[in-house]
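Below is upload-v8.txt, which holds compact mmCIF, C-alpha atoms and all ligand atoms.
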```txt
# COMPACT_ATOMS: atom_id res chain seq x y z
CA MET H 153 -11.43 25.93 13.85
CA ASP H 154 -11.10 23.57 10.87
CA SER H 155 -12.60 20.12 11.40
CA LYS H 156 -10.29 17.18 10.77
CA LYS H 157 -10.04 15.68 7.29
CA VAL H 158 -11.19 12.06 7.23
CA ILE H 159 -8.81 9.51 5.69
CA LEU H 160 -9.38 5.78 5.21
CA ILE H 161 -6.31 3.53 5.06
CA THR H 162 -6.91 -0.07 4.04
CA GLY H 163 -4.34 -2.31 5.72
CA GLY H 164 -3.67 0.33 8.36
CA SER H 165 -2.93 -2.27 11.04
CA SER H 166 0.56 -3.18 9.84
CA GLY H 167 3.74 -2.08 8.10
CA ILE H 168 3.36 0.70 5.57
CA GLY H 169 -0.34 1.31 6.31
CA LEU H 170 0.34 1.56 10.05
CA SER H 171 3.16 4.03 9.50
CA ILE H 172 0.85 6.14 7.32
CA ALA H 173 -1.78 5.98 10.07
CA GLU H 174 0.74 7.21 12.64
CA LYS H 175 1.98 10.04 10.41
CA LEU H 176 -1.51 11.29 9.64
CA ALA H 177 -2.96 10.83 13.14
CA GLY H 178 -0.23 13.15 14.42
CA GLN H 179 -1.66 15.93 12.25
CA ASN H 180 -5.07 17.34 11.47
CA TYR H 181 -6.51 14.08 10.14
CA GLN H 182 -9.09 11.63 11.46
CA VAL H 183 -7.73 8.22 10.46
CA ILE H 184 -9.84 5.12 9.86
CA SER H 185 -8.19 1.77 9.15
CA LEU H 186 -9.75 -1.31 7.57
CA SER H 187 -8.17 -4.75 8.01
CA ARG H 188 -9.25 -8.32 8.71
CA ASN H 189 -7.50 -9.62 11.83
CA LYS H 190 -8.03 -8.41 15.38
CA GLU H 191 -4.63 -9.86 16.37
CA LYS H 192 -2.79 -7.57 13.95
CA ILE H 193 -4.64 -4.55 15.34
CA GLU H 194 -3.53 -5.60 18.84
CA ARG H 195 0.03 -6.04 17.56
CA ALA H 196 -0.16 -2.55 15.99
CA LEU H 197 -1.28 -0.99 19.27
CA LYS H 198 1.55 -2.74 21.08
CA GLU H 199 4.05 -1.37 18.53
CA LYS H 200 2.51 2.10 18.60
CA PRO H 201 0.52 2.57 21.83
CA ASN H 202 0.24 6.28 21.00
CA LEU H 203 -2.36 5.36 18.36
CA LYS H 204 -4.92 4.09 20.88
CA ASN H 205 -8.05 6.23 20.56
CA LYS H 206 -6.44 8.13 17.67
CA VAL H 207 -7.05 5.64 14.84
CA ASP H 208 -10.48 4.14 14.28
CA PHE H 209 -9.57 0.48 13.57
CA ILE H 210 -12.41 -1.27 11.73
CA ILE H 211 -12.51 -4.99 10.93
CA GLY H 212 -13.28 -5.78 7.29
CA ASP H 213 -12.04 -7.27 4.04
CA VAL H 214 -11.32 -5.25 0.87
CA SER H 215 -12.16 -8.27 -1.28
CA SER H 216 -15.73 -8.53 0.09
CA GLN H 217 -18.38 -6.20 -1.29
CA ASP H 218 -20.58 -6.80 1.80
CA SER H 219 -17.75 -5.80 4.05
CA ILE H 220 -17.09 -2.62 2.04
CA ASN H 221 -20.80 -1.75 2.09
CA GLN H 222 -20.76 -2.01 5.89
CA LEU H 223 -17.66 0.19 6.02
CA CYS H 224 -19.32 2.75 3.75
CA SER H 225 -22.42 2.92 5.98
CA TYR H 226 -20.20 3.26 9.04
CA ILE H 227 -18.19 6.16 7.58
CA LYS H 228 -21.37 7.84 6.33
CA GLU H 229 -23.04 7.64 9.75
CA ASN H 230 -20.00 8.60 11.81
CA TYR H 231 -18.10 11.04 9.61
CA GLY H 232 -20.36 11.91 6.67
CA VAL H 233 -17.50 12.53 4.22
CA LEU H 234 -14.18 11.04 3.05
CA HIS H 235 -11.29 13.34 2.10
CA GLY H 236 -8.68 10.68 1.38
CA LEU H 237 -8.37 6.99 0.57
CA VAL H 238 -5.09 5.10 0.83
CA ASN H 239 -5.33 1.62 -0.68
CA SER H 240 -2.49 -0.13 1.17
CA ALA H 241 -3.95 -3.59 1.96
CA GLY H 242 -2.00 -6.22 0.06
CA VAL H 243 -0.76 -9.79 0.07
CA ILE H 244 1.96 -11.70 -1.76
CA THR H 245 2.77 -15.30 -2.64
CA ILE H 246 6.02 -15.88 -4.51
CA GLY H 247 5.76 -17.94 -7.71
CA THR H 248 6.15 -18.26 -11.45
CA LEU H 249 3.67 -19.36 -14.11
CA GLU H 250 4.58 -22.97 -13.33
CA SER H 251 4.81 -22.80 -9.54
CA LEU H 252 2.02 -20.39 -8.55
CA LYS H 253 -1.33 -22.09 -7.89
CA ALA H 254 -4.50 -20.70 -9.47
CA ASP H 255 -6.06 -19.93 -6.07
CA GLU H 256 -2.92 -18.04 -4.99
CA TRP H 257 -3.09 -15.98 -8.21
CA GLN H 258 -6.78 -15.28 -7.63
CA LYS H 259 -6.24 -14.18 -4.01
CA MET H 260 -3.61 -11.62 -5.03
CA LEU H 261 -5.83 -10.27 -7.80
CA ASP H 262 -8.85 -10.13 -5.44
CA ILE H 263 -7.07 -8.27 -2.63
CA ASN H 264 -4.43 -6.18 -4.44
CA LEU H 265 -6.45 -5.12 -7.48
CA THR H 266 -10.19 -5.82 -7.22
CA GLY H 267 -10.08 -4.59 -3.60
CA PRO H 268 -9.01 -1.04 -4.51
CA PHE H 269 -11.53 -1.01 -7.39
CA LEU H 270 -14.43 -2.01 -5.09
CA VAL H 271 -13.41 0.25 -2.21
CA THR H 272 -12.96 3.26 -4.52
CA LYS H 273 -16.24 2.61 -6.34
CA THR H 274 -18.26 2.12 -3.15
CA LEU H 275 -16.83 5.11 -1.30
CA LEU H 276 -16.94 7.49 -4.28
CA PRO H 277 -20.17 9.25 -3.16
CA LEU H 278 -18.51 10.09 0.18
CA MET H 279 -15.37 11.35 -1.59
CA LYS H 280 -17.41 13.53 -3.96
CA LYS H 281 -18.65 15.37 -0.88
CA ALA H 282 -15.11 16.35 0.11
CA ASN H 283 -14.73 18.95 -2.64
CA GLY H 284 -11.16 17.86 -3.37
CA ALA H 285 -10.35 14.29 -2.31
CA SER H 286 -7.12 12.37 -2.87
CA ILE H 287 -6.73 8.65 -3.59
CA ILE H 288 -3.33 6.99 -3.18
CA ASN H 289 -2.74 3.44 -4.33
CA ILE H 290 0.19 1.66 -2.68
CA SER H 291 1.49 -0.29 -5.64
CA SER H 292 5.02 -1.70 -5.99
CA ILE H 293 8.14 -1.48 -8.07
CA ALA H 294 7.13 -5.06 -8.93
CA GLY H 295 4.26 -3.59 -10.95
CA LEU H 296 6.70 -1.69 -13.16
CA ARG H 297 8.84 -4.68 -14.14
CA PRO H 298 8.69 -8.43 -13.34
CA GLY H 299 9.46 -9.31 -9.70
CA THR H 300 9.39 -12.60 -7.80
CA SER H 301 5.65 -13.30 -8.09
CA ILE H 302 3.71 -13.36 -11.34
CA GLY H 303 0.40 -12.74 -9.56
CA TYR H 304 1.75 -9.91 -7.43
CA SER H 305 3.43 -8.12 -10.36
CA VAL H 306 0.32 -8.42 -12.53
CA SER H 307 -1.95 -7.20 -9.70
CA LYS H 308 0.25 -4.16 -9.09
CA ALA H 309 0.60 -3.38 -12.81
CA GLY H 310 -3.21 -3.50 -12.93
CA LEU H 311 -3.39 -1.18 -9.93
CA ASP H 312 -1.18 1.35 -11.74
CA MET H 313 -3.56 1.27 -14.70
CA LEU H 314 -6.49 1.73 -12.31
CA THR H 315 -4.70 4.88 -11.12
CA ARG H 316 -4.18 6.11 -14.68
CA PHE H 317 -7.73 5.26 -15.72
CA LEU H 318 -9.39 6.99 -12.76
CA VAL H 319 -7.61 10.28 -13.40
CA ALA H 320 -10.03 11.24 -16.17
CA ASP H 321 -13.06 9.63 -14.51
CA LEU H 322 -12.60 11.44 -11.22
CA GLY H 323 -10.90 14.68 -12.30
CA PRO H 324 -14.26 16.40 -12.85
CA TYR H 325 -15.05 15.79 -9.16
CA ASN H 326 -11.69 17.32 -8.18
CA ILE H 327 -10.53 13.91 -6.98
CA ARG H 328 -6.83 13.19 -7.56
CA VAL H 329 -5.46 9.66 -7.96
CA ASN H 330 -1.80 8.64 -7.68
CA SER H 331 0.26 5.48 -7.23
CA ILE H 332 3.29 5.04 -5.01
CA ASN H 333 5.52 2.15 -6.07
CA PRO H 334 7.86 1.16 -3.22
CA GLY H 335 10.95 -1.02 -3.48
CA LEU H 336 11.74 -3.34 -0.59
CA VAL H 337 10.40 -1.96 2.70
CA LYS H 338 10.96 -3.76 5.99
CA THR H 339 7.51 -4.68 7.33
CA HIS H 340 5.61 -7.79 8.44
CA LEU H 341 4.70 -8.59 4.81
CA HIS H 342 7.19 -11.39 4.22
CA PHE H 343 6.57 -13.12 7.57
CA ASP H 344 2.78 -12.74 7.63
CA ASN H 345 2.58 -14.18 4.11
CA ASN H 346 4.85 -17.12 5.05
CA ILE H 347 7.64 -16.23 2.63
CA PHE H 348 10.13 -16.33 5.51
CA SER H 349 9.82 -18.04 8.86
CA ASN H 350 13.20 -17.14 10.36
CA GLN H 351 14.92 -13.82 10.81
CA GLU H 352 18.29 -14.99 9.47
CA ASP H 353 16.96 -15.90 6.01
CA TYR H 354 14.94 -12.70 5.90
CA ASN H 355 18.01 -10.63 6.77
CA LYS H 356 19.95 -12.32 3.95
CA MET H 357 17.19 -11.48 1.48
CA VAL H 358 17.09 -7.85 2.69
CA GLU H 359 20.87 -7.55 2.35
CA GLY H 360 20.73 -8.97 -1.19
CA ALA H 361 18.04 -6.45 -2.08
CA ARG H 362 19.82 -3.56 -0.36
CA VAL H 363 22.84 -3.69 -2.65
CA ARG H 364 20.60 -3.76 -5.72
CA HIS H 365 19.05 -0.42 -4.74
CA PRO H 366 21.23 2.35 -6.23
CA LEU H 367 21.08 4.29 -2.94
CA LYS H 368 22.28 1.12 -1.15
CA LYS H 369 19.46 1.05 1.34
CA VAL H 370 16.04 -0.54 1.60
CA GLY H 371 13.01 1.49 2.59
CA ALA H 372 11.41 2.23 5.92
CA PRO H 373 7.62 2.49 6.19
CA GLU H 374 8.09 6.16 7.09
CA ASP H 375 9.54 6.82 3.61
CA ILE H 376 6.18 5.87 2.14
CA ALA H 377 4.18 7.68 4.84
CA ASN H 378 6.03 10.93 4.04
CA MET H 379 5.04 10.72 0.36
CA VAL H 380 1.42 9.89 1.25
CA ASN H 381 1.35 12.90 3.55
CA PHE H 382 2.53 15.11 0.68
CA LEU H 383 0.09 13.66 -1.87
CA LEU H 384 -2.82 14.25 0.50
CA SER H 385 -1.82 17.87 1.08
CA ASP H 386 -2.85 21.00 -0.80
CA GLU H 387 0.75 21.29 -1.98
CA ALA H 388 0.01 18.35 -4.28
CA SER H 389 -3.26 19.80 -5.56
CA TRP H 390 -2.16 19.68 -9.24
CA ILE H 391 -0.75 16.14 -9.12
CA SER H 392 -2.95 13.37 -10.49
CA GLY H 393 -2.04 10.28 -12.50
CA ALA H 394 1.51 10.04 -11.16
CA VAL H 395 3.00 6.58 -10.77
CA ILE H 396 5.92 7.23 -8.46
CA PRO H 397 8.80 4.79 -7.91
CA LEU H 398 9.77 5.23 -4.25
CA ALA H 399 12.56 2.78 -4.14
CA GLY H 400 16.01 4.14 -3.36
CA GLY H 401 16.78 4.75 -7.02
CA VAL H 402 15.18 1.61 -8.47
CA THR H 403 13.04 2.55 -11.45
CA GLU H 404 11.17 0.85 -14.27
CA GLU H 405 14.34 0.85 -16.35
CA ASN H 406 16.90 -0.42 -13.82
CA GLY H 407 14.65 -2.22 -11.35
CA PHE H 408 16.47 -4.74 -9.18
CA LEU H 409 18.85 -5.80 -11.92
CA PRO H 410 22.20 -6.77 -10.39
CA PRO H 411 24.67 -3.86 -10.55
CA LYS H 412 27.20 -4.00 -13.39
CA GLU H 413 30.17 -4.98 -11.24
CA ASP H 414 28.32 -8.11 -10.05
CA ALA H 415 27.44 -9.05 -13.61
CA LEU H 416 31.11 -8.60 -14.62
CA LEU H 417 32.25 -10.66 -11.67
CA LYS H 418 29.92 -13.47 -12.69
CA LYS H 419 31.30 -13.33 -16.23
CA LYS H 420 34.85 -13.57 -14.91
CA ILE H 421 33.90 -16.59 -12.82
N1 LIG O 501 6.95 -4.31 2.23
C1 LIG O 501 7.39 -4.17 0.98
O1 LIG O 501 8.55 -4.46 0.67
C2 LIG O 501 6.46 -3.61 -0.06
C3 LIG O 501 7.03 -3.20 -1.28
C4 LIG O 501 6.22 -2.69 -2.27
C5 LIG O 501 4.85 -2.59 -2.05
N2 LIG O 501 4.31 -3.01 -0.88
C6 LIG O 501 2.85 -2.89 -0.72
O2 LIG O 501 2.57 -2.10 0.41
C7 LIG O 501 1.30 -2.48 0.95
C8 LIG O 501 1.46 -2.72 2.44
O3 LIG O 501 2.36 -3.81 2.62
P1 LIG O 501 3.19 -4.02 3.97
O4 LIG O 501 4.57 -4.33 3.59
O5 LIG O 501 2.88 -2.93 4.91
O6 LIG O 501 2.53 -5.41 4.46
P2 LIG O 501 1.96 -5.88 5.85
O7 LIG O 501 2.80 -5.41 6.98
O8 LIG O 501 1.73 -7.35 5.69
O9 LIG O 501 0.53 -5.13 5.94
C9 LIG O 501 -0.53 -5.52 5.10
C10 LIG O 501 -1.82 -4.97 5.66
O10 LIG O 501 -2.89 -5.28 4.75
C11 LIG O 501 -3.97 -5.86 5.48
N3 LIG O 501 -4.75 -6.71 4.59
C12 LIG O 501 -4.33 -7.79 3.88
N4 LIG O 501 -5.35 -8.33 3.19
C13 LIG O 501 -6.45 -7.58 3.47
C14 LIG O 501 -7.81 -7.62 3.07
N5 LIG O 501 -8.27 -8.58 2.25
N6 LIG O 501 -8.66 -6.68 3.54
C15 LIG O 501 -8.22 -5.71 4.38
N7 LIG O 501 -6.94 -5.61 4.80
C16 LIG O 501 -6.07 -6.54 4.35
C17 LIG O 501 -3.27 -6.60 6.62
O11 LIG O 501 -4.13 -6.88 7.73
P3 LIG O 501 -5.00 -8.25 7.79
O12 LIG O 501 -4.15 -9.36 7.28
O13 LIG O 501 -5.34 -8.36 9.23
O14 LIG O 501 -6.20 -8.01 6.95
C18 LIG O 501 -2.22 -5.56 7.00
O15 LIG O 501 -2.80 -4.57 7.80
C19 LIG O 501 0.86 -3.72 0.17
O16 LIG O 501 -0.06 -3.36 -0.80
C20 LIG O 501 2.15 -4.21 -0.46
O17 LIG O 501 1.91 -4.91 -1.64
C21 LIG O 501 5.09 -3.52 0.13
```

Translate the structure of the given file into structure tokens.
Amino acid sequence: MDSKKVILITGGSSGIGLSIAEKLAGQNYQVISLSRNKEKIERALKEKPNLKNKVDFIIGDVSSQDSINQLCSYIKENYGVLHGLVNSAGVITIGTLESLKADEWQKMLDINLTGPFLVTKTLLPLMKKANGASIINISSIAGLRPGTSIGYSVSKAGLDMLTRFLVADLGPYNIRVNSINPGLVKTHLHFDNNIFSNQEDYNKMVEGARVRHPLKKVGAPEDIANMVNFLLSDEASWISGAVIPLAGGVTEENGFLPPKEDALLKKKI
């Protein structure tokens, strides 16, 4: 019988990462998750009690090299190999050049961009052993055109270039690297990062975003998990370097711009 493929998901305790963990744990994968807060892991297990004993939840921080070294030793000792890495850990603070503070900018760069660089670099020896590993960076549509946070958009645009850059570096080891760039997905992101504190305001924001997606719906974490599942599979064995908008029709060209009828209405007013 085939042994399970070992997949690390950073940020697997919440939202998109948690949904990916659930999707993969239900198949022939051994899932490891890395995240910082014990409370979010407990919340995850309350939301999805079926994941108890199925996902190996590890505490650690993608922006700390020490933490990643410890993770690497742990995976080496317990699993010996890594077949897949999903860089999903991320944070956001809304702000423009004038309103975003330098430390908020730095935090987004450290976690959203330097994190995936450090994790990928440190775990590379374990991925080389897999004889065909797959790396998936959870980027954002905000990396393809300006969004609501200068630091977030720049970090995600950088992440997409990390994807593109690594294709040639890692191709010779048969390691594929792809980005998924979601539009708005309903998760804990906006509450946990203090962008919204009440449900009513959040719902208004979601509704405003919904109508700007050509398919007139926002995403569910499962939409992203399905694509990750495909990119990890042998069916995707010739795909590397793809930067994939997964956003209900929002793309680099049309991203989140108000639909024409709204623009006309505004002109009339
Ligand atoms: N939701 C959206 O609309 C949307 C759209 C486009 C892209 N994305 C991207 O999708 C990814 C997942 O977002 P989400 O919506 O699922 O958010 P979420 O529900 O807030 O989950 C974020 C996860 O990342 C972990 N994390 C944050 N900082 C970390 C660090 N330094 N080290 C390790 N883990 C860390 C969090 O756990 P701890 O805080 O406990 O560490 C949590 O498990 C992010 O990269 C985000 O930018 C989200």

Show me the residues around (-15.7, -0.3, -4.7) - criterion: an atom at most 10 Å away, all atoms listed in the file counted - as JSON, numbers by chain.
{"H": [214, 215, 216, 217, 220, 221, 224, 266, 267, 268, 269, 270, 271, 272, 273, 274, 275, 276]}

Give me, as a PyMOL selection string, the set of residues whose atoms come within 6 Å of any atom of ligand LIG 501 (chain O), counting only C-alpha atoms and all ligand atoms.
chain H and resi 162-169+186-189+192+212-215+240-243+263+290-292+334-341+344

Could you state the separation of CA of Ile211 (chain H) and CA of Leu176 (chain H) in Å, given to one decimal place?
19.7 Å

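The residue that comes closest to Gly295 (chain H), out of H:Asn230, H:Thr403, H:Gln351, H:Ser392 and on the basis of all atoms listed in the file, is H:Thr403.
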
Please identify all polymer residues within 10 Å of Ser305 (chain H), counting all atoms listed in the file, omitting same-chain residues fewer than 6 positions from it, and present them as an NGL selection string.
:H and (244 or 260-261 or 291-299 or 311)

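Here CA of Ser155 (chain H) is placed at a distance of 25.2 Å from CA of Leu197 (chain H).
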
Could you name the residues that touch Asn378 (chain H) at 9 Å or less, counting only C-alpha atoms, but leaving out those on the same chain fewer than 4 positions away, as number ranges by chain?
H: 172, 175, 373-374, 382-383

When you draw a straight line from CA of Ile391 (chain H) to CA of Leu234 (chain H), how long is it in Å?
18.8 Å

Please build the interface table for region 356-402 of chain H against region 323-331 of chain H with a cut-off of 9 Å, listing for each qualifying residue the nearest atom pair and the distance in Å to one decimal; count all atoms listed in the file, order rows by chain and increasing number, and write it as JSON lines.
```
{"residue": "H:Leu383", "atom": "CA", "partner": "H:Asn330", "partner_atom": "CA", "distance": 7.9}
{"residue": "H:Ser389", "atom": "CA", "partner": "H:Arg328", "partner_atom": "CA", "distance": 7.8}
{"residue": "H:Trp390", "atom": "CA", "partner": "H:Arg328", "partner_atom": "CA", "distance": 8.2}
{"residue": "H:Ile391", "atom": "CA", "partner": "H:Arg328", "partner_atom": "CA", "distance": 6.9}
{"residue": "H:Ser392", "atom": "CA", "partner": "H:Arg328", "partner_atom": "CA", "distance": 4.9}
{"residue": "H:Gly393", "atom": "CA", "partner": "H:Asn330", "partner_atom": "CA", "distance": 5.1}
{"residue": "H:Ala394", "atom": "CA", "partner": "H:Asn330", "partner_atom": "CA", "distance": 5.0}
{"residue": "H:Val395", "atom": "CA", "partner": "H:Ser331", "partner_atom": "CA", "distance": 4.6}
{"residue": "H:Ile396", "atom": "CA", "partner": "H:Ser331", "partner_atom": "CA", "distance": 6.1}
{"residue": "H:Pro397", "atom": "CA", "partner": "H:Ser331", "partner_atom": "CA", "distance": 8.6}
```

Near-Met379 (chain H) list (9 Å; all atoms listed in the file; drop same-chain fewer than 5 positions) as a list of chain:residue names
H:Ile332, H:Glu374, H:Leu384, H:Leu398

Hey, which of H:Met313, H:Leu170, H:Ile227, H:Val238 ends up closest to Val207 (chain H)? Count all atoms listed in the file.
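Counting all atoms listed in the file, the residue closest to Val207 (chain H) is H:Leu170.
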
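When all atoms listed in the file are used to measure the gap to Gly400 (chain H), the shortest distance among H:Val306, H:Ala388, H:Ala361, H:Val380 belongs to H:Ala361.
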
Region 277-282 of chain H: axis-aligned bounding box, 5 Å on each side, centre and edge lengths in Å, one decimal, as JSON:
```
{"center_x": -17.6, "center_y": 12.8, "center_z": -1.9, "size_x": 15.1, "size_y": 17.1, "size_z": 14.1}
```

Skip Gly247 (chain H) itself and residues of its chain fewer than 2 positions away, then list as a PyMOL selection string all residues within 6 Å of it, counting only C-alpha atoms.
chain H and resi 251-252+301

Counting all atoms listed in the file, figure out which residue out of H:Lys156, H:Lys253, H:Lys228, H:Arg316 gets nearest to Val183 (chain H).
H:Lys156
